[in-house]
>>> print(open('upload_32.csv').read())   # CSV, C-alpha atoms
chain,number,residue,atom,x,y,z
A,1,MET,CA,-35.5,15.8,-28.2
A,2,GLU,CA,-34.7,13.5,-31.0
A,3,ALA,CA,-31.4,13.0,-32.8
A,4,ASN,CA,-31.1,11.0,-35.9
A,5,GLY,CA,-27.8,9.2,-36.6
A,6,LYS,CA,-26.2,9.2,-40.0
A,7,GLN,CA,-26.5,6.0,-41.9
A,8,GLY,CA,-23.1,4.4,-41.7
A,9,GLN,CA,-23.3,2.6,-45.0
A,10,GLU,CA,-26.0,2.4,-47.7
A,11,GLY,CA,-28.8,0.2,-46.3
A,12,SER,CA,-27.6,0.2,-42.6
A,13,PRO,CA,-30.6,0.7,-40.2
A,14,GLU,CA,-31.4,4.1,-38.9
A,15,LEU,CA,-30.1,4.8,-35.4
A,16,SER,CA,-31.9,7.3,-33.3
A,17,LEU,CA,-32.2,8.6,-29.7
A,18,ARG,CA,-35.5,9.3,-28.1
A,19,PRO,CA,-37.0,9.2,-24.6
A,20,LEU,CA,-37.6,5.8,-23.2
A,21,ASP,CA,-41.2,5.1,-21.9
A,22,LEU,CA,-43.3,2.3,-20.5
A,23,SER,CA,-44.2,1.0,-23.9
A,24,ASP,CA,-40.6,0.0,-24.3
A,25,ILE,CA,-40.8,-2.3,-21.4
A,26,ASP,CA,-40.3,-5.6,-23.4
A,27,ASP,CA,-37.3,-4.2,-25.2
A,28,PHE,CA,-36.0,-2.9,-21.9
A,29,MET,CA,-36.3,-6.4,-20.3
A,30,VAL,CA,-34.2,-7.9,-23.1
A,31,TRP,CA,-31.0,-6.1,-21.8
A,32,ALA,CA,-32.1,-5.7,-18.2
A,33,THR,CA,-32.2,-9.5,-17.7
A,34,ASP,CA,-28.8,-10.0,-19.4
A,35,ASP,CA,-25.9,-10.6,-17.0
A,36,LYS,CA,-23.5,-9.6,-19.8
A,37,VAL,CA,-25.1,-6.2,-19.9
A,38,SER,CA,-25.5,-5.6,-16.1
A,39,ARG,CA,-21.9,-6.8,-15.4
A,40,PHE,CA,-20.4,-3.3,-15.3
A,41,CYS,CA,-23.6,-1.5,-14.4
A,42,SER,CA,-24.6,-0.3,-10.9
A,43,TRP,CA,-27.9,-2.3,-11.1
A,44,ASP,CA,-28.4,-6.0,-10.7
A,45,THR,CA,-30.0,-8.0,-13.4
A,46,PHE,CA,-33.8,-7.6,-13.2
A,47,ASN,CA,-35.9,-10.7,-12.6
A,48,SER,CA,-39.5,-9.3,-13.0
A,49,LYS,CA,-41.4,-7.1,-15.4
A,50,GLU,CA,-42.8,-5.3,-12.4
A,51,ALA,CA,-39.3,-4.3,-11.3
A,52,GLY,CA,-38.6,-3.1,-14.8
A,53,ILE,CA,-41.7,-1.0,-14.9
A,54,ASP,CA,-40.8,0.5,-11.5
A,55,TYR,CA,-37.3,1.3,-12.7
A,56,ILE,CA,-38.6,3.0,-15.9
A,57,LYS,CA,-41.2,5.0,-13.9
A,58,ASN,CA,-39.0,6.0,-10.9
A,59,ILE,CA,-35.5,6.3,-12.3
A,60,ILE,CA,-35.6,6.6,-16.1
A,61,ILE,CA,-38.6,8.9,-16.7
A,62,PRO,CA,-37.6,11.5,-14.1
A,63,HIS,CA,-33.9,11.4,-15.1
A,64,PRO,CA,-32.7,14.8,-16.4
A,65,TRP,CA,-31.2,13.3,-19.6
A,66,PHE,CA,-31.9,9.7,-20.5
A,67,LYS,CA,-32.5,8.3,-24.0
A,68,ALA,CA,-33.3,5.0,-25.6
A,69,ILE,CA,-30.8,4.0,-28.4
A,70,CYS,CA,-33.1,2.9,-31.2
A,71,LEU,CA,-32.7,0.9,-34.4
A,72,ASN,CA,-35.6,1.6,-36.6
A,73,ASN,CA,-37.3,3.1,-33.6
A,74,LYS,CA,-36.9,-0.1,-31.5
A,75,ALA,CA,-35.1,0.4,-28.2
A,76,ILE,CA,-31.9,-1.7,-28.2
A,77,GLY,CA,-30.0,0.2,-25.4
A,78,ALA,CA,-29.8,3.4,-23.5
A,79,ILE,CA,-27.6,6.4,-23.0
A,80,SER,CA,-27.7,9.1,-20.3
A,81,VAL,CA,-25.9,12.2,-19.1
A,82,SER,CA,-26.1,12.9,-15.4
A,83,ALA,CA,-26.1,16.4,-14.0
A,84,ASN,CA,-24.1,17.8,-11.0
A,85,ASN,CA,-24.8,20.8,-8.8
A,86,GLY,CA,-23.1,23.9,-7.6
A,87,ASN,CA,-19.3,23.9,-8.3
A,88,ASP,CA,-19.6,20.7,-10.2
A,89,ARG,CA,-22.3,21.8,-12.7
A,90,CYS,CA,-19.6,22.1,-15.3
A,91,ARG,CA,-19.4,18.3,-15.6
A,92,GLY,CA,-21.8,15.6,-16.6
A,93,GLU,CA,-21.2,11.9,-16.5
A,94,LEU,CA,-22.0,9.8,-19.6
A,95,GLY,CA,-23.4,6.3,-19.3
A,96,TYR,CA,-24.6,3.9,-21.9
A,97,LEU,CA,-25.5,0.3,-22.5
A,98,LEU,CA,-26.5,-1.9,-25.5
A,99,ALA,CA,-28.3,-5.2,-25.6
A,100,SER,CA,-25.6,-7.8,-26.1
A,101,LYS,CA,-26.8,-9.0,-29.5
A,102,TYR,CA,-26.0,-5.6,-30.9
A,103,TRP,CA,-22.4,-5.5,-29.6
A,104,GLY,CA,-19.4,-5.3,-31.9
A,105,LYS,CA,-21.2,-3.4,-34.7
A,106,GLY,CA,-20.1,0.2,-33.9
A,107,ILE,CA,-23.6,1.1,-32.6
A,108,ALA,CA,-22.5,2.3,-29.2
A,109,THR,CA,-19.8,4.4,-30.8
A,110,ARG,CA,-22.4,6.0,-33.1
A,111,ALA,CA,-24.7,6.7,-30.2
A,112,VAL,CA,-22.0,8.3,-28.1
A,113,LYS,CA,-20.9,10.4,-31.1
A,114,MET,CA,-24.4,11.6,-31.5
A,115,VAL,CA,-24.6,12.7,-27.9
A,116,ALA,CA,-21.1,14.2,-27.8
A,117,SER,CA,-21.8,16.3,-30.9
A,118,THR,CA,-25.0,17.9,-29.5
A,119,ILE,CA,-24.9,17.9,-25.7
A,120,PHE,CA,-22.7,21.0,-25.3
A,121,ASN,CA,-25.0,23.0,-27.4
A,122,GLU,CA,-28.0,21.7,-25.6
A,123,GLN,CA,-26.4,22.4,-22.2
A,124,PRO,CA,-24.3,25.5,-22.4
A,125,HIS,CA,-23.2,25.3,-18.7
A,126,LEU,CA,-21.6,21.9,-19.5
A,127,GLU,CA,-17.8,22.1,-20.1
A,128,ARG,CA,-16.8,18.5,-19.5
A,129,LEU,CA,-18.5,15.2,-20.4
A,130,GLU,CA,-16.8,12.4,-18.5
A,131,ALA,CA,-17.1,8.7,-18.3
A,132,LEU,CA,-15.8,6.2,-15.8
A,133,VAL,CA,-15.2,2.7,-17.2
A,134,ASP,CA,-14.2,-0.4,-15.3
A,135,VAL,CA,-10.6,-1.4,-16.1
A,136,GLU,CA,-11.9,-4.8,-17.3
A,137,ASN,CA,-14.4,-3.3,-19.8
A,138,GLY,CA,-12.2,-3.0,-22.8
A,139,GLY,CA,-15.2,-2.8,-25.2
A,140,SER,CA,-16.4,0.4,-23.6
A,141,GLN,CA,-13.0,1.9,-23.4
A,142,ARG,CA,-12.6,1.4,-27.2
A,143,VAL,CA,-16.0,3.2,-27.8
A,144,LEU,CA,-14.8,6.3,-26.0
A,145,GLU,CA,-11.4,6.3,-27.6
A,146,LYS,CA,-13.0,6.0,-31.1
A,147,VAL,CA,-15.2,9.0,-30.3
A,148,GLY,CA,-12.2,11.0,-29.3
A,149,PHE,CA,-12.5,11.1,-25.5
A,150,HIS,CA,-9.2,11.8,-23.6
A,151,ARG,CA,-8.1,9.0,-21.3
A,152,GLU,CA,-7.0,10.8,-18.2
A,153,GLY,CA,-6.0,8.0,-15.9
A,154,VAL,CA,-6.9,5.0,-13.8
A,155,LEU,CA,-8.6,5.8,-10.5
A,156,ARG,CA,-7.9,3.0,-8.1
A,157,LYS,CA,-10.6,1.5,-5.9
A,158,PHE,CA,-12.8,4.4,-6.9
A,159,PHE,CA,-16.3,3.0,-6.0
A,160,ILE,CA,-18.1,-0.1,-5.0
A,161,GLN,CA,-20.0,-2.1,-7.6
A,162,LYS,CA,-21.5,-5.5,-7.1
A,163,GLY,CA,-20.0,-5.5,-3.6
A,164,ARG,CA,-16.4,-4.9,-4.7
A,165,CYS,CA,-14.1,-1.8,-4.9
A,166,ARG,CA,-13.4,-1.2,-8.6
A,167,ASP,CA,-10.5,0.4,-10.5
A,168,VAL,CA,-11.9,2.7,-13.2
A,169,VAL,CA,-10.5,4.5,-16.2
A,170,ILE,CA,-11.6,8.1,-16.4
A,171,TYR,CA,-12.2,9.7,-19.8
A,172,SER,CA,-13.3,13.2,-20.7
A,173,LEU,CA,-14.5,15.2,-23.6
A,174,LEU,CA,-14.5,19.0,-23.3
A,175,SER,CA,-16.8,21.4,-25.1
A,176,THR,CA,-13.6,23.0,-26.4
A,177,ASP,CA,-12.2,19.6,-27.8
A,178,PRO,CA,-12.6,19.0,-31.5
A,179,GLN,CA,-16.2,17.9,-31.9
A,180,PRO,CA,-16.6,14.2,-32.9
B,1,MET,CA,16.6,23.1,10.2
B,2,ASP,CA,14.7,22.4,13.4
B,3,SER,CA,11.2,23.5,12.8
B,4,GLY,CA,9.8,22.6,16.2
B,5,THR,CA,7.6,19.6,16.9
B,6,VAL,CA,4.9,19.1,14.3
B,7,THR,CA,1.7,17.6,15.7
B,8,LEU,CA,-1.9,17.1,14.8
B,9,ARG,CA,-4.8,17.7,17.3
B,10,PRO,CA,-8.4,18.8,17.3
B,11,PHE,CA,-9.0,22.5,17.0
B,12,ARG,CA,-9.7,24.6,20.2
B,13,VAL,CA,-11.5,27.9,20.6
B,14,SER,CA,-8.3,29.2,22.1
B,15,ASP,CA,-6.6,28.7,18.6
B,16,VAL,CA,-8.5,31.7,17.3
B,17,ASP,CA,-5.7,34.3,17.2
B,18,ASP,CA,-3.3,31.8,15.6
B,19,PHE,CA,-6.1,30.6,13.3
B,20,ILE,CA,-6.7,34.1,11.8
B,21,LEU,CA,-3.0,34.4,10.9
B,22,TRP,CA,-3.3,31.7,8.3
B,23,ALA,CA,-7.1,31.3,7.6
B,24,GLY,CA,-7.2,35.1,7.0
B,25,ASP,CA,-4.5,34.8,4.3
B,26,ASP,CA,-5.7,34.7,0.7
B,27,GLN,CA,-2.5,32.8,-0.3
B,28,VAL,CA,-3.4,30.0,2.0
B,29,THR,CA,-7.1,29.8,1.1
B,30,ARG,CA,-6.5,30.3,-2.7
B,31,ASN,CA,-6.7,26.6,-3.6
B,32,ILE,CA,-9.3,25.4,-1.0
B,33,ARG,CA,-13.0,26.0,-0.7
B,34,TRP,CA,-12.7,28.0,2.5
B,35,LYS,CA,-13.5,31.7,2.3
B,36,THR,CA,-10.7,33.8,3.7
B,37,ILE,CA,-11.5,34.7,7.3
B,38,THR,CA,-11.9,38.5,7.8
B,39,SER,CA,-12.6,39.0,11.5
B,40,LYS,CA,-12.1,37.4,15.0
B,41,GLU,CA,-15.9,36.8,15.2
B,42,GLU,CA,-15.9,34.9,11.9
B,43,ALA,CA,-12.9,32.9,13.1
B,44,LEU,CA,-14.6,32.0,16.4
B,45,THR,CA,-17.8,31.0,14.6
B,46,PHE,CA,-15.9,28.9,12.0
B,47,ILE,CA,-13.8,27.1,14.7
B,48,LYS,CA,-16.9,26.4,16.9
B,49,GLU,CA,-19.4,25.5,14.2
B,50,VAL,CA,-17.3,23.9,11.5
B,51,CYS,CA,-13.8,22.9,12.7
B,52,ILE,CA,-14.6,21.4,16.0
B,53,PRO,CA,-17.7,19.4,15.1
B,54,HIS,CA,-16.1,18.2,11.8
B,55,PRO,CA,-16.0,14.4,11.5
B,56,TRP,CA,-12.2,14.6,10.8
B,57,ARG,CA,-10.4,17.9,10.9
B,58,ARG,CA,-7.1,18.5,12.7
B,59,SER,CA,-5.0,21.6,13.5
B,60,ILE,CA,-1.5,21.3,12.2
B,61,CYS,CA,0.6,22.6,15.1
B,62,ILE,CA,4.1,23.6,15.8
B,63,ASP,CA,4.8,23.5,19.6
B,64,ASP,CA,1.1,23.2,20.0
B,65,ARG,CA,0.3,26.5,18.2
B,66,SER,CA,-2.1,26.2,15.2
B,67,ILE,CA,-0.4,26.9,11.8
B,68,GLY,CA,-2.8,25.1,9.5
B,69,PHE,CA,-5.3,22.3,9.0
B,70,VAL,CA,-5.8,18.8,7.6
B,71,SER,CA,-9.4,17.6,6.8
B,72,VAL,CA,-10.7,14.3,5.7
B,73,TYR,CA,-14.2,13.9,4.1
B,74,ARG,CA,-15.7,10.5,3.8
B,75,TRP,CA,-18.1,9.7,1.0
B,76,SER,CA,-21.2,7.6,1.4
B,77,GLY,CA,-23.3,5.0,-0.3
B,78,ASN,CA,-21.4,3.1,-3.0
B,79,GLU,CA,-18.5,5.5,-2.6
B,80,ILE,CA,-18.0,4.8,1.1
B,81,CYS,CA,-14.6,3.1,0.3
B,82,LYS,CA,-13.1,6.6,-0.3
B,83,ALA,CA,-12.3,9.8,1.4
B,84,ASP,CA,-10.9,13.2,0.3
B,85,ILE,CA,-8.0,14.8,2.1
B,86,ALA,CA,-7.4,18.6,2.1
B,87,TYR,CA,-4.8,20.7,3.9
B,88,GLY,CA,-3.3,24.2,4.2
B,89,ILE,CA,-0.6,25.9,6.3
B,90,ALA,CA,0.5,29.4,7.0
B,91,ALA,CA,2.7,30.8,4.2
B,92,LYS,CA,5.6,31.5,6.5
B,93,TYR,CA,5.9,27.7,7.0
B,94,TRP,CA,5.9,26.8,3.3
B,95,GLY,CA,8.8,25.0,1.7
B,96,GLN,CA,10.1,23.4,4.9
B,97,GLY,CA,8.6,19.9,4.7
B,98,ILE,CA,6.1,20.7,7.4
B,99,THR,CA,3.0,20.1,5.3
B,100,THR,CA,4.5,16.8,4.0
B,101,LYS,CA,5.1,15.7,7.6
B,102,ALA,CA,1.6,16.6,8.7
B,103,VAL,CA,0.0,14.8,5.7
B,104,LYS,CA,2.0,11.7,6.4
B,105,MET,CA,0.8,11.8,10.0
B,106,ALA,CA,-2.8,12.4,8.9
B,107,VAL,CA,-2.7,9.4,6.4
B,108,SER,CA,-1.5,7.1,9.2
B,109,GLU,CA,-4.1,8.3,11.6
B,110,VAL,CA,-7.0,8.2,9.2
B,111,PHE,CA,-6.5,4.6,8.1
B,112,LYS,CA,-6.4,3.7,11.8
B,113,ASP,CA,-9.5,5.7,12.6
B,114,PHE,CA,-11.4,4.3,9.6
B,115,PRO,CA,-10.3,0.7,9.2
B,116,ASP,CA,-12.8,0.1,6.4
B,117,LEU,CA,-11.4,3.0,4.3
B,118,VAL,CA,-9.8,1.8,1.1
B,119,ARG,CA,-8.9,5.0,-0.8
B,120,LEU,CA,-7.7,8.4,0.3
B,121,GLN,CA,-7.7,10.8,-2.5
B,122,ALA,CA,-6.4,14.4,-3.0
B,123,PHE,CA,-6.8,17.0,-5.7
B,124,ALA,CA,-4.3,19.7,-6.5
B,125,ALA,CA,-4.8,22.5,-9.0
B,126,VAL,CA,-2.6,21.9,-12.0
B,127,GLU,CA,-0.5,25.1,-11.3
B,128,ASN,CA,-0.1,24.2,-7.6
B,129,LYS,CA,3.3,22.4,-7.9
B,130,ALA,CA,4.1,22.7,-4.2
B,131,SER,CA,1.0,20.8,-3.2
B,132,GLN,CA,1.7,18.2,-5.8
B,133,ARG,CA,5.2,17.7,-4.3
B,134,VAL,CA,3.7,17.3,-0.8
B,135,LEU,CA,1.5,14.5,-2.0
B,136,GLU,CA,4.3,12.8,-3.9
B,137,LYS,CA,6.7,13.0,-0.9
B,138,ALA,CA,3.9,11.7,1.3
B,139,GLY,CA,3.6,8.6,-0.8
B,140,PHE,CA,0.5,9.3,-2.9
B,141,THR,CA,0.2,8.0,-6.4
B,142,LYS,CA,-0.5,10.5,-9.2
B,143,GLU,CA,-3.4,9.1,-11.2
B,144,GLY,CA,-4.0,11.8,-13.9
B,145,LEU,CA,-5.1,15.3,-14.8
B,146,LEU,CA,-8.8,16.0,-14.7
B,147,ARG,CA,-9.5,18.7,-17.2
B,148,LYS,CA,-12.1,21.5,-16.3
B,149,TYR,CA,-13.2,19.3,-13.4
B,150,THR,CA,-14.8,21.9,-11.1
B,151,PHE,CA,-15.3,25.5,-10.2
B,152,LEU,CA,-13.1,26.8,-7.4
B,153,LYS,CA,-13.8,30.4,-6.3
B,154,GLY,CA,-15.4,31.1,-9.7
B,155,GLN,CA,-12.6,29.6,-11.8
B,156,LEU,CA,-12.9,26.5,-13.8
B,157,LYS,CA,-9.9,24.3,-12.7
B,158,ASP,CA,-7.8,21.5,-14.1
B,159,LEU,CA,-7.0,19.3,-11.2
B,160,VAL,CA,-4.4,16.6,-10.7
B,161,ILE,CA,-5.8,13.6,-8.8
B,162,TYR,CA,-3.7,11.5,-6.3
B,163,SER,CA,-4.6,8.5,-4.2
B,164,PHE,CA,-3.2,6.6,-1.3
B,165,LEU,CA,-4.8,3.2,-0.7
B,166,SER,CA,-5.0,1.3,2.5
B,167,THR,CA,-2.8,-1.4,0.8
B,168,ASP,CA,-0.2,1.3,0.1
B,169,ILE,CA,0.4,1.6,3.8
B,170,THR,CA,2.5,-1.5,4.0
B,171,VAL,CA,4.5,-0.4,1.0
B,172,ALA,CA,5.1,3.1,2.6
B,173,VAL,CA,6.2,1.5,5.8
B,174,ASP,CA,8.7,-0.8,3.9
B,175,ASP,CA,10.0,2.2,2.0
B,176,LYS,CA,10.2,4.1,5.3
B,177,LEU,CA,8.0,6.9,4.0
B,178,LEU,CA,5.7,6.6,7.1
>>> encode(input="upload_32.csv", output="structure tokens")
Amino acid sequence: MEANGKQGQEGSPELSLRPLDLSDIDDFMVWATDDKVSRFCSWDTFNSKEAGIDYIKNIIIPHPWFKAICLNNKAIGAISVSANNGNDRCRGELGYLLASKYWGKGIATRAVKMVASTIFNEQPHLERLEALVDVENGGSQRVLEKVGFHREGVLRKFFIQKGRCRDVVIYSLLSTDPQP
Amino acid sequence: MDSGTVTLRPFRVSDVDDFILWAGDDQVTRNIRWKTITSKEEALTFIKEVCIPHPWRRSICIDDRSIGFVSVYRWSGNEICKADIAYGIAAKYWGQGITTKAVKMAVSEVFKDFPDLVRLQAFAAVENKASQRVLEKAGFTKEGLLRKYTFLKGQLKDLVIYSFLSTDITVAVDDKLL
């Protein structure tokens, strides 16, 4: 499923979301080998193309909802919504990353807005889109706030990442909230 | 008011008759995932197959008679630092500070039983003010309101989330909460 972003200003490049595949491997490796990008992610910086290929094959391609964030069809990041089962099927967790050279231009905000404005129609059982952001990741917190997510609180020592227990800010957007 | 000695201990098959009094009450099971018990056979099965083998479940007792439960569920993988606590007691014992006492005892015991546990968390339905007061009096920190977080008995619930960290223990002892 493809979604095309609005052009922010005249002449700004076209932002789109599409499935990521093996042909994106070189673009994938650009962010996957960048410590700045992996810093707040659950995965460790990749050190071989083989590891990247394995990850795309075994984790990304089978994922229920995972898209490449593309600028003029070139993958510069990724965005995903995870599914839950049973009593928790009403909520999905949003995750996203962007190659660091594209930070600070509002691209992540645009990508999150695109997902937030279509995901509830795509997945009618979804009532709540949530995101957990490290307390030190101010950039990502600002993305969610700009899109209109509600900041619900800080969950102390909520999970282990890179060997340490982290405090995270939890955000949510409901299907009944004003759509971004 | 002297409410008798409140203690925590593992469940016993012999608790069955006392167990039905509270586990068979919709009021008690309303905000937990347990289905209301409807027969002695069901109660026996549940005690034998669920309560007794449970990694951490205790009967809340007054004078060694079961009036409720406290359970702790540990997470795994990259969430092994945390555990969920849940509890319920017979309606006739509500509003007397008994649940608060039991939860305080459970918190103390759990951090001793699981020395690597960092975070104990609890969820209370937004309308369940009594349960929220229990957690606050027991020294939990209110972290926020999670909107439309989960289905409980077919209803989509807003839940208040609370936590008690292993590092909060020293504070609680200093403040004489524990």
>>> atom_distance(input="upload_32.csv", atom1="CA of Ile67 in chain B", atom2="CA of Asn87 in chain A")
27.8 Å
>>> residues_near_point(input="upload_32.csv", point="(-12.2, 9.2, 2.2)", cutoff="12 Å", atoms="only C-alpha atoms", output="VMD selection string")
(chain A and resid 157 to 159) or (chain B and resid 55 to 56 71 to 76 79 to 86 106 to 107 110 to 111 113 to 122 163 to 166)
>>> interface_residues(input="upload_32.csv", of="chain B", to="chain A", cutoff="7 Å", atoms="only C-alpha atoms", output="PyMOL selection string")
chain B and resi 78-79+81-82+119+143-146+148-152
>>> closest_residue(input="upload_32.csv", among="B:Leu159, B:Val28, B:Ile169, B:Met105", to="Glu127 in chain B", atoms="only C-alpha atoms")
B:Leu159
>>> atom_distance(input="upload_32.csv", atom1="CA of Ile119 in chain A", atom2="CA of Arg147 in chain B")
17.6 Å
>>> atom_distance(input="upload_32.csv", atom1="CA of Asp64 in chain B", atom2="CA of Lys104 in chain B")
17.8 Å
>>> closest_residue(input="upload_32.csv", among="B:Ala125, B:Ala130, B:Val160, B:Val103", to="Ile60 in chain B", atoms="all atoms listed in the file")
B:Val103
>>> residues_near_point(input="upload_32.csv", point="(-34.6, 12.0, -19.5)", cutoff="9 Å", atoms="only C-alpha atoms", output="list of chain:residue names")
A:Pro19, A:Leu20, A:Ile60, A:Ile61, A:Pro62, A:His63, A:Pro64, A:Trp65, A:Phe66, A:Lys67, A:Ser80, A:Val81
>>> residues_around(input="upload_32.csv", residues="Trp43 in chain A", least_positions_apart="4", cutoff="12 Å", atoms="all atoms listed in the file", output="PDB file with C-alpha atoms, in the frame of the given file")
ATOM      1  CA  TRP A  31     -31.000  -6.100 -21.800  1.00  0.00           C
ATOM      2  CA  ALA A  32     -32.100  -5.700 -18.200  1.00  0.00           C
ATOM      3  CA  THR A  33     -32.200  -9.500 -17.700  1.00  0.00           C
ATOM      4  CA  ASP A  34     -28.800 -10.000 -19.400  1.00  0.00           C
ATOM      5  CA  ASP A  35     -25.900 -10.600 -17.000  1.00  0.00           C
ATOM      6  CA  VAL A  37     -25.100  -6.200 -19.900  1.00  0.00           C
ATOM      7  CA  SER A  38     -25.500  -5.600 -16.100  1.00  0.00           C
ATOM      8  CA  ARG A  39     -21.900  -6.800 -15.400  1.00  0.00           C
ATOM      9  CA  ASN A  47     -35.900 -10.700 -12.600  1.00  0.00           C
ATOM     10  CA  ALA A  51     -39.300  -4.300 -11.300  1.00  0.00           C
ATOM     11  CA  GLY A  52     -38.600  -3.100 -14.800  1.00  0.00           C
ATOM     12  CA  TYR A  55     -37.300   1.300 -12.700  1.00  0.00           C
ATOM     13  CA  ILE A  59     -35.500   6.300 -12.300  1.00  0.00           C
ATOM     14  CA  LEU A  97     -25.500   0.300 -22.500  1.00  0.00           C
ATOM     15  CA  ILE A 160     -18.100  -0.100  -5.000  1.00  0.00           C
ATOM     16  CA  GLN A 161     -20.000  -2.100  -7.600  1.00  0.00           C
ATOM     17  CA  LYS A 162     -21.500  -5.500  -7.100  1.00  0.00           C
ATOM     18  CA  GLY A 163     -20.000  -5.500  -3.600  1.00  0.00           C
TER      19      GLY A 163
ATOM     20  CA  ASN B  78     -21.400   3.100  -3.000  1.00  0.00           C
TER      21      ASN B  78
END
>>> closest_residue(input="upload_32.csv", among="A:Lys36, A:Phe46, A:Val143, A:Leu15", to="Gly104 in chain A", atoms="all atoms listed in the file")
A:Val143
